Structures are given as structure tokens and as C-alpha cells.
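work.txt (compact mmCIF, C-alpha atoms)
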```txt
# COMPACT_ATOMS: atom_id res chain seq x y z
CA MET A 1221 6.53 -60.95 47.31
CA ASN A 1222 7.18 -64.23 45.49
CA LEU A 1223 6.77 -66.14 48.74
CA PHE A 1224 3.61 -64.16 49.48
CA PHE A 1225 1.95 -65.24 46.23
CA ARG A 1226 3.18 -68.81 46.62
CA LEU A 1227 1.41 -68.92 49.99
CA ALA A 1228 -1.72 -67.43 48.44
CA LEU A 1229 -1.62 -70.01 45.65
CA ARG A 1230 -1.20 -72.81 48.22
CA ASN A 1231 -4.25 -71.55 50.10
CA VAL A 1232 -6.28 -71.43 46.88
CA PHE A 1233 -5.58 -75.10 46.21
CA ARG A 1234 -5.93 -76.08 49.87
CA ASN A 1235 -9.42 -74.58 49.98
CA ARG A 1236 -10.36 -76.36 46.79
CA LEU A 1237 -14.15 -76.35 47.20
CA ARG A 1238 -14.44 -72.66 48.09
CA SER A 1239 -11.97 -71.69 45.36
CA LEU A 1240 -13.75 -73.85 42.79
CA VAL A 1241 -17.11 -72.21 43.51
CA ALA A 1242 -15.61 -68.73 43.18
CA LEU A 1243 -13.63 -69.68 40.09
CA LEU A 1244 -16.70 -71.12 38.33
CA ALA A 1245 -18.75 -68.05 39.21
CA ILE A 1246 -16.10 -65.78 37.70
CA ALA A 1247 -15.70 -68.01 34.63
CA ALA A 1248 -19.46 -68.18 34.03
CA GLY A 1249 -19.78 -64.42 34.43
CA CYS A 1250 -16.90 -63.67 32.06
CA ALA A 1251 -18.25 -66.10 29.44
CA ALA A 1252 -21.75 -64.58 29.76
CA LEU A 1253 -20.39 -61.08 29.12
CA ILE A 1254 -18.43 -62.26 26.06
CA VAL A 1255 -21.37 -64.16 24.55
CA ASN A 1256 -23.92 -61.41 25.23
CA GLY A 1257 -21.67 -58.72 23.75
CA GLY A 1258 -20.87 -60.96 20.77
CA ILE A 1259 -24.56 -61.50 20.00
CA VAL A 1260 -25.31 -57.77 20.03
CA PHE A 1261 -22.26 -57.02 17.89
CA ASN A 1262 -23.23 -59.75 15.41
CA ILE A 1263 -26.78 -58.43 14.99
CA PHE A 1264 -25.62 -54.89 14.27
CA ARG A 1265 -22.78 -56.09 12.02
CA GLU A 1266 -25.15 -58.18 9.90
CA LEU A 1267 -27.52 -55.22 9.51
CA ARG A 1268 -24.56 -53.01 8.59
CA GLU A 1269 -23.31 -55.47 5.97
CA ASP A 1270 -26.82 -55.77 4.54
CA ALA A 1271 -26.84 -52.00 4.05
CA ILE A 1272 -23.35 -51.85 2.53
CA LEU A 1273 -23.44 -54.98 0.36
CA GLY A 1274 -27.12 -54.75 -0.47
CA GLN A 1275 -27.72 -51.12 -1.39
CA TYR A 1276 -25.25 -48.35 -0.63
CA GLY A 1277 -21.63 -49.47 -0.78
CA HIS A 1278 -19.21 -47.74 1.59
CA ILE A 1279 -19.06 -44.26 0.05
CA GLN A 1280 -21.16 -42.52 -2.59
CA ILE A 1281 -19.89 -39.53 -4.60
CA PHE A 1282 -22.21 -36.87 -6.08
CA LYS A 1283 -22.01 -33.43 -7.63
CA ARG A 1284 -21.83 -30.73 -4.96
CA GLY A 1285 -25.31 -29.69 -3.83
CA TYR A 1286 -26.91 -33.02 -4.80
CA SER A 1287 -28.22 -33.80 -1.31
CA SER A 1288 -30.20 -30.58 -1.02
CA GLY A 1289 -31.12 -29.83 -4.63
CA HIS A 1290 -31.43 -32.92 -6.80
CA LEU A 1291 -35.15 -33.37 -6.18
CA GLN A 1292 -35.88 -29.90 -7.57
CA ASP A 1293 -33.45 -30.04 -10.51
CA PRO A 1294 -32.02 -33.56 -11.03
CA GLU A 1295 -30.39 -32.78 -14.39
CA ARG A 1296 -28.18 -30.14 -12.78
CA TYR A 1297 -26.39 -32.68 -10.58
CA LEU A 1298 -25.34 -35.25 -13.19
CA MET A 1299 -21.67 -35.93 -13.97
CA THR A 1300 -20.18 -35.89 -17.46
CA PRO A 1301 -18.05 -38.83 -18.72
CA ALA A 1302 -14.92 -36.69 -18.33
CA GLU A 1303 -15.71 -35.96 -14.66
CA VAL A 1304 -16.46 -39.63 -14.03
CA ALA A 1305 -13.11 -40.65 -15.52
CA ARG A 1306 -11.22 -38.25 -13.25
CA ILE A 1307 -13.08 -39.46 -10.16
CA GLU A 1308 -12.52 -43.12 -11.00
CA ASN A 1309 -8.80 -42.53 -11.57
CA LEU A 1310 -8.48 -40.90 -8.14
CA ALA A 1311 -10.48 -43.68 -6.45
CA ARG A 1312 -8.67 -46.57 -8.12
CA ALA A 1313 -5.30 -45.14 -7.15
CA ASP A 1314 -6.17 -45.95 -3.53
CA ARG A 1315 -5.48 -49.60 -2.71
CA ARG A 1316 -8.08 -49.55 0.05
CA ILE A 1317 -10.80 -49.07 -2.58
CA ILE A 1318 -11.61 -52.35 -4.34
CA GLU A 1319 -14.48 -51.16 -6.53
CA ALA A 1320 -15.65 -47.87 -8.07
CA THR A 1321 -18.82 -48.12 -10.14
CA ARG A 1322 -21.33 -45.78 -11.77
CA ARG A 1323 -25.03 -45.61 -10.96
CA ARG A 1324 -28.02 -43.57 -12.00
CA GLY A 1325 -31.49 -43.47 -10.46
CA PHE A 1326 -34.69 -42.69 -12.35
CA SER A 1327 -38.40 -43.37 -12.08
CA GLY A 1328 -41.27 -44.18 -14.39
CA LEU A 1329 -43.91 -46.79 -15.23
CA ILE A 1330 -43.58 -50.44 -16.14
CA ALA A 1331 -46.16 -51.61 -18.69
CA ARG A 1332 -46.87 -55.32 -18.86
CA GLU A 1333 -49.97 -56.40 -20.75
CA ASP A 1334 -52.74 -54.32 -19.12
CA ARG A 1335 -50.76 -53.50 -15.96
CA TYR A 1336 -49.02 -50.17 -15.32
CA VAL A 1337 -46.87 -50.15 -12.19
CA PRO A 1338 -44.68 -47.24 -10.96
CA PHE A 1339 -41.07 -48.13 -10.23
CA PHE A 1340 -37.74 -46.71 -9.12
CA GLY A 1341 -35.00 -47.65 -11.56
CA LEU A 1342 -31.39 -48.17 -10.54
CA ALA A 1343 -29.03 -48.29 -13.51
CA VAL A 1344 -25.78 -50.10 -12.68
CA GLU A 1345 -22.70 -51.62 -14.26
CA PRO A 1346 -23.58 -55.35 -14.18
CA GLU A 1347 -20.13 -56.80 -13.46
CA ALA A 1348 -19.26 -54.27 -10.75
CA ASP A 1349 -22.70 -54.49 -9.16
CA ALA A 1350 -22.16 -58.17 -8.34
CA ASP A 1351 -19.68 -57.19 -5.60
CA LEU A 1352 -22.09 -54.58 -4.22
CA SER A 1353 -24.99 -57.04 -4.12
CA ARG A 1354 -23.49 -59.91 -2.14
CA HIS A 1355 -26.20 -59.61 0.51
CA VAL A 1356 -28.99 -59.51 -2.08
CA THR A 1357 -30.72 -62.87 -2.58
CA LEU A 1358 -31.65 -63.87 -6.13
CA ARG A 1359 -35.02 -65.59 -5.78
CA ALA A 1360 -35.46 -66.54 -9.43
CA GLY A 1361 -33.64 -66.23 -12.74
CA GLY A 1362 -30.08 -65.01 -13.19
CA PRO A 1363 -28.00 -61.93 -12.35
CA LEU A 1364 -27.44 -58.91 -14.56
CA SER A 1365 -24.98 -59.51 -17.37
CA GLY A 1366 -23.00 -57.23 -19.64
CA GLY A 1367 -23.76 -59.64 -22.46
CA ASN A 1368 -27.48 -59.02 -22.07
CA PRO A 1369 -27.89 -55.21 -21.91
CA TYR A 1370 -31.69 -55.41 -21.86
CA GLY A 1371 -32.09 -57.99 -19.11
CA VAL A 1372 -33.40 -56.46 -15.85
CA LEU A 1373 -33.92 -57.51 -12.23
CA ALA A 1374 -37.11 -56.72 -10.30
CA GLY A 1375 -37.49 -56.58 -6.54
CA LEU A 1376 -39.65 -59.34 -5.10
CA GLY A 1377 -42.49 -56.98 -4.20
CA LEU A 1378 -42.36 -55.23 -7.57
CA ALA A 1379 -42.45 -58.58 -9.41
CA LYS A 1380 -45.57 -59.53 -7.45
CA LYS A 1381 -47.28 -56.26 -8.42
CA LEU A 1382 -46.52 -57.02 -12.07
CA ASN A 1383 -47.40 -60.69 -11.70
CA GLY A 1384 -44.16 -61.06 -13.61
CA LYS A 1385 -42.26 -64.23 -14.45
CA ILE A 1386 -38.75 -64.81 -15.73
CA GLY A 1387 -38.60 -64.08 -19.45
CA ASP A 1388 -41.55 -61.64 -19.51
CA GLU A 1389 -41.22 -58.62 -21.78
CA LEU A 1390 -41.64 -55.26 -20.04
CA ASN A 1391 -41.95 -51.74 -21.38
CA LEU A 1392 -40.25 -49.04 -19.34
CA ILE A 1393 -41.82 -45.60 -19.81
CA ILE A 1394 -40.31 -42.42 -18.40
CA SER A 1395 -40.91 -38.71 -18.74
CA THR A 1396 -37.86 -36.58 -19.56
CA GLN A 1397 -37.26 -33.16 -18.05
CA SER A 1398 -38.61 -31.56 -21.24
CA GLY A 1399 -41.89 -33.44 -20.79
CA GLU A 1400 -41.38 -35.99 -23.59
CA LEU A 1401 -42.09 -39.69 -23.08
CA ASN A 1402 -39.37 -42.25 -23.78
CA ALA A 1403 -39.82 -46.01 -23.73
CA VAL A 1404 -37.63 -49.09 -24.07
CA HIS A 1405 -38.37 -52.83 -24.22
CA VAL A 1406 -36.58 -55.03 -21.67
CA ARG A 1407 -36.87 -58.59 -20.46
CA LEU A 1408 -37.27 -59.76 -16.86
CA GLN A 1409 -34.08 -61.70 -16.20
CA GLY A 1410 -34.29 -62.19 -12.45
CA ILE A 1411 -36.16 -61.47 -9.22
CA PHE A 1412 -34.19 -60.39 -6.14
CA GLU A 1413 -34.87 -59.84 -2.46
CA GLY A 1414 -32.82 -57.16 -0.74
CA GLY A 1415 -34.44 -57.64 2.66
CA ILE A 1416 -36.03 -54.18 2.97
CA LYS A 1417 -39.71 -54.19 1.98
CA GLU A 1418 -39.75 -50.64 0.64
CA TYR A 1419 -36.69 -51.35 -1.50
CA ASP A 1420 -38.05 -54.65 -2.86
CA ASP A 1421 -41.49 -53.19 -3.61
CA TRP A 1422 -40.26 -50.45 -5.96
CA THR A 1423 -36.77 -51.18 -7.29
CA LEU A 1424 -35.91 -52.31 -10.81
CA LYS A 1425 -32.22 -52.86 -11.51
CA VAL A 1426 -31.19 -52.27 -15.12
CA PRO A 1427 -27.83 -52.22 -16.95
CA LEU A 1428 -26.54 -48.71 -17.63
CA PRO A 1429 -26.93 -49.04 -21.44
CA VAL A 1430 -30.71 -49.04 -20.94
CA THR A 1431 -30.57 -45.47 -19.62
CA GLU A 1432 -28.74 -44.35 -22.75
CA HIS A 1433 -31.97 -45.02 -24.65
CA LEU A 1434 -34.21 -43.54 -22.01
CA LEU A 1435 -32.10 -40.60 -20.79
CA ASP A 1436 -28.47 -39.76 -21.67
CA GLY A 1437 -25.00 -40.99 -20.89
CA ARG A 1438 -24.38 -38.96 -17.76
CA THR A 1439 -23.86 -40.43 -14.28
CA GLU A 1440 -25.69 -39.57 -11.07
CA GLN A 1441 -23.37 -41.16 -8.52
CA ILE A 1442 -20.21 -43.20 -8.15
CA VAL A 1443 -20.26 -45.90 -5.49
CA LEU A 1444 -17.09 -47.09 -3.76
CA LEU A 1445 -16.50 -50.40 -2.04
CA LEU A 1446 -13.60 -50.62 0.43
CA ASN A 1447 -11.60 -53.48 1.86
CA ARG A 1448 -12.64 -52.60 5.41
CA THR A 1449 -15.58 -50.64 6.77
CA ASP A 1450 -13.54 -49.00 9.54
CA GLU A 1451 -11.43 -47.28 6.84
CA VAL A 1452 -14.39 -45.26 5.56
CA PRO A 1453 -13.77 -42.00 7.53
CA GLU A 1454 -10.09 -41.85 6.59
CA VAL A 1455 -10.65 -42.70 2.90
CA ARG A 1456 -13.53 -40.24 2.66
CA GLN A 1457 -11.48 -37.41 4.13
CA GLU A 1458 -8.56 -38.09 1.77
CA LEU A 1459 -10.85 -38.25 -1.27
CA GLU A 1460 -12.50 -34.95 -0.42
CA SER A 1461 -9.06 -33.35 -0.10
CA ALA A 1462 -8.07 -34.79 -3.50
CA PHE A 1463 -11.29 -33.50 -5.09
CA ARG A 1464 -10.64 -29.99 -3.79
CA ARG A 1465 -7.05 -30.15 -4.96
CA ASP A 1466 -8.16 -31.17 -8.48
CA GLY A 1467 -10.91 -28.55 -8.64
CA LEU A 1468 -13.75 -31.09 -8.66
CA GLU A 1469 -16.99 -29.78 -7.15
CA LEU A 1470 -18.20 -32.95 -5.46
CA GLU A 1471 -19.71 -34.16 -2.20
CA THR A 1472 -19.52 -37.54 -0.52
CA ARG A 1473 -21.85 -39.50 1.71
CA SER A 1474 -20.95 -42.56 3.76
CA TRP A 1475 -23.04 -45.68 4.18
CA SER A 1476 -23.93 -44.66 7.75
CA GLU A 1477 -25.58 -41.46 6.48
CA LEU A 1478 -27.53 -43.31 3.79
CA ALA A 1479 -28.64 -46.43 5.70
CA ILE A 1480 -31.83 -45.10 7.29
CA PHE A 1481 -33.19 -48.56 8.14
CA TYR A 1482 -29.95 -49.55 9.88
CA ASN A 1483 -29.93 -46.35 11.92
CA GLN A 1484 -33.58 -46.81 12.91
CA VAL A 1485 -33.01 -50.39 14.10
CA VAL A 1486 -29.85 -49.47 16.02
CA SER A 1487 -31.64 -46.51 17.59
CA LEU A 1488 -34.68 -48.62 18.50
CA PHE A 1489 -32.92 -51.70 19.87
CA GLY A 1490 -29.52 -50.29 20.84
CA LYS A 1491 -30.74 -48.81 24.11
CA GLU A 1492 -32.77 -51.91 24.99
CA LEU A 1493 -29.85 -54.24 24.28
CA GLY A 1494 -27.53 -51.90 26.19
CA PHE A 1495 -29.86 -51.97 29.19
CA LEU A 1496 -30.05 -55.77 28.96
CA ARG A 1497 -26.25 -55.90 28.87
CA LEU A 1498 -26.17 -53.71 32.00
CA ILE A 1499 -28.55 -56.09 33.81
CA ILE A 1500 -26.46 -59.11 32.82
CA GLY A 1501 -23.28 -57.32 33.92
CA THR A 1502 -24.83 -56.43 37.27
CA ILE A 1503 -25.95 -60.02 37.86
CA VAL A 1504 -22.50 -61.28 36.93
CA ILE A 1505 -20.75 -58.85 39.32
CA LEU A 1506 -23.15 -59.73 42.17
CA ALA A 1507 -22.64 -63.46 41.59
CA ILE A 1508 -18.87 -63.06 41.62
CA GLY A 1509 -19.06 -60.84 44.70
CA ASN A 1510 -21.21 -63.35 46.54
CA ALA A 1511 -18.90 -66.26 45.72
CA ILE A 1512 -15.72 -64.38 46.69
CA GLY A 1513 -17.31 -62.91 49.84
CA MET A 1514 -18.57 -66.28 51.09
CA SER A 1515 -15.21 -67.93 50.46
CA ILE A 1516 -13.63 -65.36 52.81
CA VAL A 1517 -16.38 -65.22 55.45
CA GLU A 1518 -16.42 -69.02 55.85
CA ARG A 1519 -12.72 -68.92 56.80
CA HIS A 1520 -13.16 -66.62 59.82
CA ILE A 1521 -11.76 -69.15 62.33
CA GLU A 1522 -8.72 -69.84 60.14
CA LEU A 1523 -8.07 -66.12 59.78
CA ALA A 1524 -8.48 -65.51 63.54
CA THR A 1525 -5.97 -68.29 64.16
CA PHE A 1526 -3.46 -66.60 61.87
CA ARG A 1527 -3.81 -63.40 63.82
CA ALA A 1528 -3.57 -65.22 67.16
CA LEU A 1529 -0.22 -66.63 66.01
CA GLY A 1530 1.07 -63.09 65.51
CA VAL A 1531 0.36 -62.46 61.82
CA ARG A 1532 -0.50 -58.80 61.38
CA ALA A 1533 -3.97 -57.79 60.08
CA ARG A 1534 -2.32 -56.02 57.13
CA SER A 1535 -0.56 -59.24 56.10
CA VAL A 1536 -3.79 -61.24 56.42
CA ALA A 1537 -5.60 -58.68 54.26
CA GLY A 1538 -2.83 -58.80 51.65
CA LEU A 1539 -2.92 -62.59 51.62
CA LEU A 1540 -6.70 -62.65 51.09
CA LEU A 1541 -6.54 -60.05 48.32
CA ALA A 1542 -3.73 -62.00 46.64
CA GLU A 1543 -5.93 -65.12 46.78
CA ALA A 1544 -8.83 -63.16 45.26
CA LEU A 1545 -6.50 -61.89 42.53
CA LEU A 1546 -5.27 -65.41 41.70
CA VAL A 1547 -8.79 -66.86 41.67
CA GLY A 1548 -9.93 -63.91 39.57
CA LEU A 1549 -7.13 -64.41 37.04
CA MET A 1550 -7.81 -68.13 36.72
CA GLY A 1551 -11.57 -67.68 36.59
CA ALA A 1552 -11.45 -64.83 34.07
CA GLY A 1553 -8.98 -66.74 31.90
CA LEU A 1554 -11.15 -69.85 31.99
CA GLY A 1555 -14.26 -67.75 31.29
CA ALA A 1556 -12.59 -66.08 28.30
CA ALA A 1557 -11.73 -69.49 26.87
CA PHE A 1558 -15.28 -70.77 27.51
CA GLY A 1559 -16.82 -67.63 26.03
CA ILE A 1560 -14.75 -67.84 22.83
CA GLY A 1561 -15.47 -71.56 22.51
CA ILE A 1562 -19.22 -71.01 22.97
CA ALA A 1563 -19.12 -68.18 20.41
CA TYR A 1564 -17.53 -70.38 17.75
CA LEU A 1565 -19.88 -73.27 18.52
CA VAL A 1566 -23.03 -71.15 18.39
CA SER A 1567 -21.86 -69.42 15.21
CA ALA A 1568 -21.31 -72.82 13.55
CA ILE A 1569 -24.89 -73.82 14.43
CA GLY A 1570 -26.46 -70.37 13.88
CA ILE A 1571 -29.16 -68.43 15.71
CA ALA A 1572 -32.41 -68.01 13.77
CA TYR A 1573 -33.79 -64.48 14.19
CA PRO A 1574 -37.22 -63.30 12.99
CA SER A 1575 -37.41 -60.45 10.49
CA PRO A 1576 -36.68 -57.03 12.03
CA PRO A 1577 -39.42 -54.39 11.62
CA GLY A 1578 -39.55 -53.29 7.97
CA SER A 1579 -37.51 -56.27 6.77
CA THR A 1580 -38.84 -59.04 4.54
CA ARG A 1581 -36.68 -61.93 5.62
CA PRO A 1582 -35.30 -63.56 8.78
CA PHE A 1583 -31.56 -64.03 9.13
CA LEU A 1584 -29.23 -66.55 10.68
CA GLY A 1585 -26.96 -64.90 13.19
CA GLY A 1586 -24.13 -66.00 15.42
CA VAL A 1587 -21.81 -64.74 18.15
CA ASP A 1588 -18.89 -62.56 17.09
CA VAL A 1589 -15.60 -62.85 18.93
CA VAL A 1590 -14.68 -59.20 19.42
CA PRO A 1591 -11.19 -58.77 20.93
CA ARG A 1592 -12.05 -55.58 22.81
CA LEU A 1593 -15.14 -57.24 24.33
CA VAL A 1594 -13.08 -60.26 25.39
CA VAL A 1595 -10.52 -57.98 27.06
CA ALA A 1596 -13.25 -55.85 28.68
CA SER A 1597 -15.04 -58.95 30.00
CA PHE A 1598 -11.77 -60.30 31.41
CA VAL A 1599 -10.99 -56.99 33.13
CA VAL A 1600 -14.54 -56.60 34.51
CA SER A 1601 -14.52 -60.16 35.90
CA LEU A 1602 -11.08 -59.73 37.45
CA GLY A 1603 -12.01 -56.31 38.84
CA ALA A 1604 -15.25 -57.68 40.30
CA SER A 1605 -13.36 -60.44 42.11
CA LEU A 1606 -10.96 -57.91 43.66
CA VAL A 1607 -13.51 -55.24 44.53
CA SER A 1608 -15.94 -57.74 46.01
CA ALA A 1609 -13.18 -59.04 48.31
CA ILE A 1610 -12.48 -55.65 49.89
CA VAL A 1611 -15.42 -55.49 52.32
CA PRO A 1612 -15.20 -59.14 53.52
CA VAL A 1613 -11.42 -58.75 53.97
CA TRP A 1614 -11.89 -55.55 55.96
CA ARG A 1615 -14.47 -57.24 58.21
CA ALA A 1616 -12.31 -60.34 58.62
CA THR A 1617 -9.35 -58.29 59.85
CA ARG A 1618 -11.54 -56.31 62.30
CA MET A 1619 -13.17 -59.28 64.04
CA PRO A 1620 -12.07 -59.83 67.67
CA ILE A 1621 -9.68 -62.77 67.80
CA SER A 1622 -10.77 -64.30 71.13
CA GLY A 1623 -14.50 -63.99 70.43
CA THR A 1624 -14.10 -65.58 67.02
CA LEU A 1625 -12.07 -68.52 68.32
CA ARG A 1626 -14.47 -69.10 71.26
CA GLY A 1627 -17.41 -69.05 68.88
CA GLY A 1628 -15.65 -71.54 66.63
CA ALA A 1629 -14.80 -73.82 69.60
CA ARG A 1630 -18.46 -74.11 70.58
```
Structure re-expressed in C-alpha cells:
Amino acid sequence: MNLFFRLALRNVFRNRLRSLVALLAIAAGCAALIVNGGIVFNIFRELREDAILGQYGHIQIFKRGYSSGHLQDPERYLMTPAEVARIENLARADRRIIEATRRRGFSGLIAREDRYVPFFGLAVEPEADADLSRHVTLRAGGPLSGGNPYGVLAGLGLAKKLNGKIGDELNLIISTQSGELNAVHVRLQGIFEGGIKEYDDWTLKVPLPVTEHLLDGRTEQIVLLLNRTDEVPEVRQELESAFRRDGLELETRSWSELAIFYNQVVSLFGKELGFLRLIIGTIVILAIGNAIGMSIVERHIELATFRALGVRARSVAGLLLAEALLVGLMGAGLGAAFGIGIAYLVSAIGIAYPSPPGSTRPFLGGVDVVPRLVVASFVVSLGASLVSAIVPVWRATRMPISGTLRGGAR
């Protein structure tokens, strides 16, 4: 067997031009699969990170029944400080969880001079919220600060509705469940852009102490940030088991359930990008098949000579398949190296994408090097080189020896 592959390797280098064409076809195809898959993965990963580090975190924890009933009776699904403390202790005991922070949503009117603008308020812990807002762009002013409990951040669209500028005084007016009106004076400390138009048009971020004046000290949700996104299902399952064990009536929701915009974009473009990937894969396989097939067909006289000298058809077929395997291995290996190199180069330069539907800003993407895609591209390229050699090899071993040699002599 060792001698067999040494002979195949010698033939590969002896037929340098044919082998080079096939090798380059395989390498180009493998690199194309890696780059195309890396682009798609990068787009979806950036959208996912925008959702996690811009709005939702990895996991959100609510009182049981919140998802179905909080719109009808929001006060019923608020957590007491004692419940919050127990939840935070359970969450912070898990090393995979790097942040656990309180939030509360509310709505009302912002009064500025003669303007009254409706808003959705998101009360947060300023220091913890910095980690959960890494994909939020601060367009003006400064971030929330625990040292300034009445400094607030307005979404870009909301700030435009108010015609607000940094330092403006705003009055927040809300209606309590009992029907009373509460108000508090705050100052516009910053203007942010989260990337989602609907979010930026209505959202006002405020420190949690503001809600103590407007509402009460209870918490609506606790948001968790994990080290790794792929740990979400496991961490969520373990937390739910711990809540049941401690008698806490809670429910959890993951970022993938909350990120409606992400799911819409993936649903809209996922099938199109998948179909495009299929087209590219088909072209790659056909190109590899053509290169490998031609390299065998053009050697018909050489192969007929082998058989005329007494070499069995089975041995000729094995030799040709071994050559295809060697060329496939070298081409796929070279293509993997090219693909990874191109991915790093393109990522260093960046790919400018226009704003997705519903988004307010373009983003600079790249090409992700995904190990499973690299392996899959290598296997597909190698498999294509072997499969595409089967039919030409079968034909080459079935050609009449005398007729082939006479045709070559003319």
C-alpha cells in the first residue's frame, strides 16, 4: 500500500500541469466555502450580540405568569427586595454568570417646555448596565452614573421628538395603578443609539432610584449576563431547577425568545443566504469535478499503455483514485489555509453593510473563522474530488486498449 501511494504521488508530480489545475480548483472551492460560511456566520453573530449586549442580556427572570399576565395586572408580577436577594445569591453562585442586575419597565409622558412626549422607561442599575450596553452607541453626553441618580439617557429618536439637548431638564409624569399622577425632575445626561428604530424612538433609560420616587422599590425583572452564549440553555435549566428547589415561583426567558428583530432578520435572510450557499457549493463541486475529470480523461493513452503492459484495470482504477485522494488532500489543505487567511485579512479591513430593515445604523462586518465550517469545507472539497473521479476512472478502465492506442498513434 505504501508503494501504491508513492507511485500515485510520483504521478501527481509528473503530471504537474494537470495536477496543478485540479489542485487550484479544489483550493479555490474550499476557500470559497469557508469565506461564504464565515460571512453568513458573522452577520448573524453581530445581530445576536446586538440583541444580547444592547437590550436583553442572556437570560431574564420574572415572577411566574409574567409573560401572559403582566399587561393586565403589572403590579402582581413585581418582586420584593427579599425575593431579589435570593435570586441574585443563586445567580452569583454560578461562575458562568458574570452579571445579575435589576430592571423595571414603566411608561408615561416626558414634559419639556411645551412638549409632551410619551416614552417607555427602563430603570437600571447604572454600573451593571454598562456591561449590558456594550453594543449601544452613546451619541452625545455621558453614560448613566450612580453618582448622578437623576441623570437619564434618551434614545436618539426620542431625543429628536423632544428636541432635547444634553443638560436639559425634563419632567417625567406617570400614572400609578390607583390613578394618581406622580412626577419627578431629571436631567438629560446622554443620547444613545441602540440600532433598532422602535427602541430608540421610545426608550428612556433612568437609574433605579428614580423609580423609587415615581413607583416603589420592587423589581420587575433580573437580567443575567453569561460568559458564553452557548451556555444559556444549560444555565437556564439549572437555574429553573434551583428556583423550584427553593420554592421560588419564577419563570425565565432567554435572549432568543426576546429578540424579535433578530429572529425576523434570521427568518427573512436565513433561507436566502442558505440557498446562496447551496449555489456556491454546487458551483464549487462542479468546478472540482470538471478539473479532476479532465485530468483523468486527458491521460487515456497513458492508461491504455499501462493496461497493455499487463496492469489490471482494478489496479489502474485504484491508482487513479489514490491520485485523486492525494490531490484532494493537498488542494483542500491549501484551500483551508487560503480561506482562513482571507477571513483574517477581510476582518481586519472590514465589510461595510447597509442598515438591515428596521435598524437605524449600518455595521462593519467581517468573516468569522468557524472551526466546524473549516472542517466541513475541507471534507466537502475532498469528497468532491473523490466522487468526481469515480465516473472518469470507470470509463478509463472500460476503454478498449487497442482502439485507444491506435487513436493515439494517429
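CA of Asp1588 in chain A is found 29.5 Å from CA of Ser1608 in chain A.
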Review point. Got a sec to check which residues sit within 12 Å of (-20.3, -51.5, 7.9), counting all atoms listed in the file, and write them as number ranges by chain?
Key: A: 1261-1279, 1445-1453, 1474-1479, 1482-1483
**Study point:** Nearest residue to Arg1322 in chain A from the set A:Leu1428, A:Ile1416, A:Ala1251, A:Ile1411 (distances using all atoms listed in the file)
**Key:** A:Leu1428
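Between Val1304 in chain A and the residues A:Glu1333, A:Asp1420, A:Glu1440, A:Asp1351, the shortest atom-to-atom distance, using all atoms listed in the file, involves A:Glu1440.
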**Study point:** Å distance separating CA of Arg1615 in chain A from CA of Ser1597 in chain A, one decimal place
**Key:** 28.3 Å
Review point. For Ala1360 in chain A, which residue out of A:Leu1541, A:Ala1348, A:Ala1374, A:Ala1305 is the nearest one, using all atoms listed in the file?
Key: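 For Ala1360 in chain A, the nearest of the given residues is A:Ala1374.
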Check your understanding: With only C-alpha atoms as the atoms that count, which of A:Ser1575, A:Thr1502, A:Gln1280, A:Ser1605 lies nearest to Glu1543 in chain A?
Key ->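 Comparing A:Ser1575, A:Thr1502, A:Gln1280, A:Ser1605 against Glu1543 in chain A, the winner is A:Ser1605.
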Point to revise | CA of Thr1580 in chain A to CA of Gly1415 in chain A, straight-line distance in Å | key: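 That distance, rounded to one decimal, is 5.0 Å.
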Review point. Which residue, A:Ile1246, A:Val1241, A:Ala1596, A:Ile1394, has the smallest gap to Ala1331 in chain A when you use all atoms listed in the file?
Key: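 Smallest separation from Ala1331 in chain A among the options: A:Ile1394.
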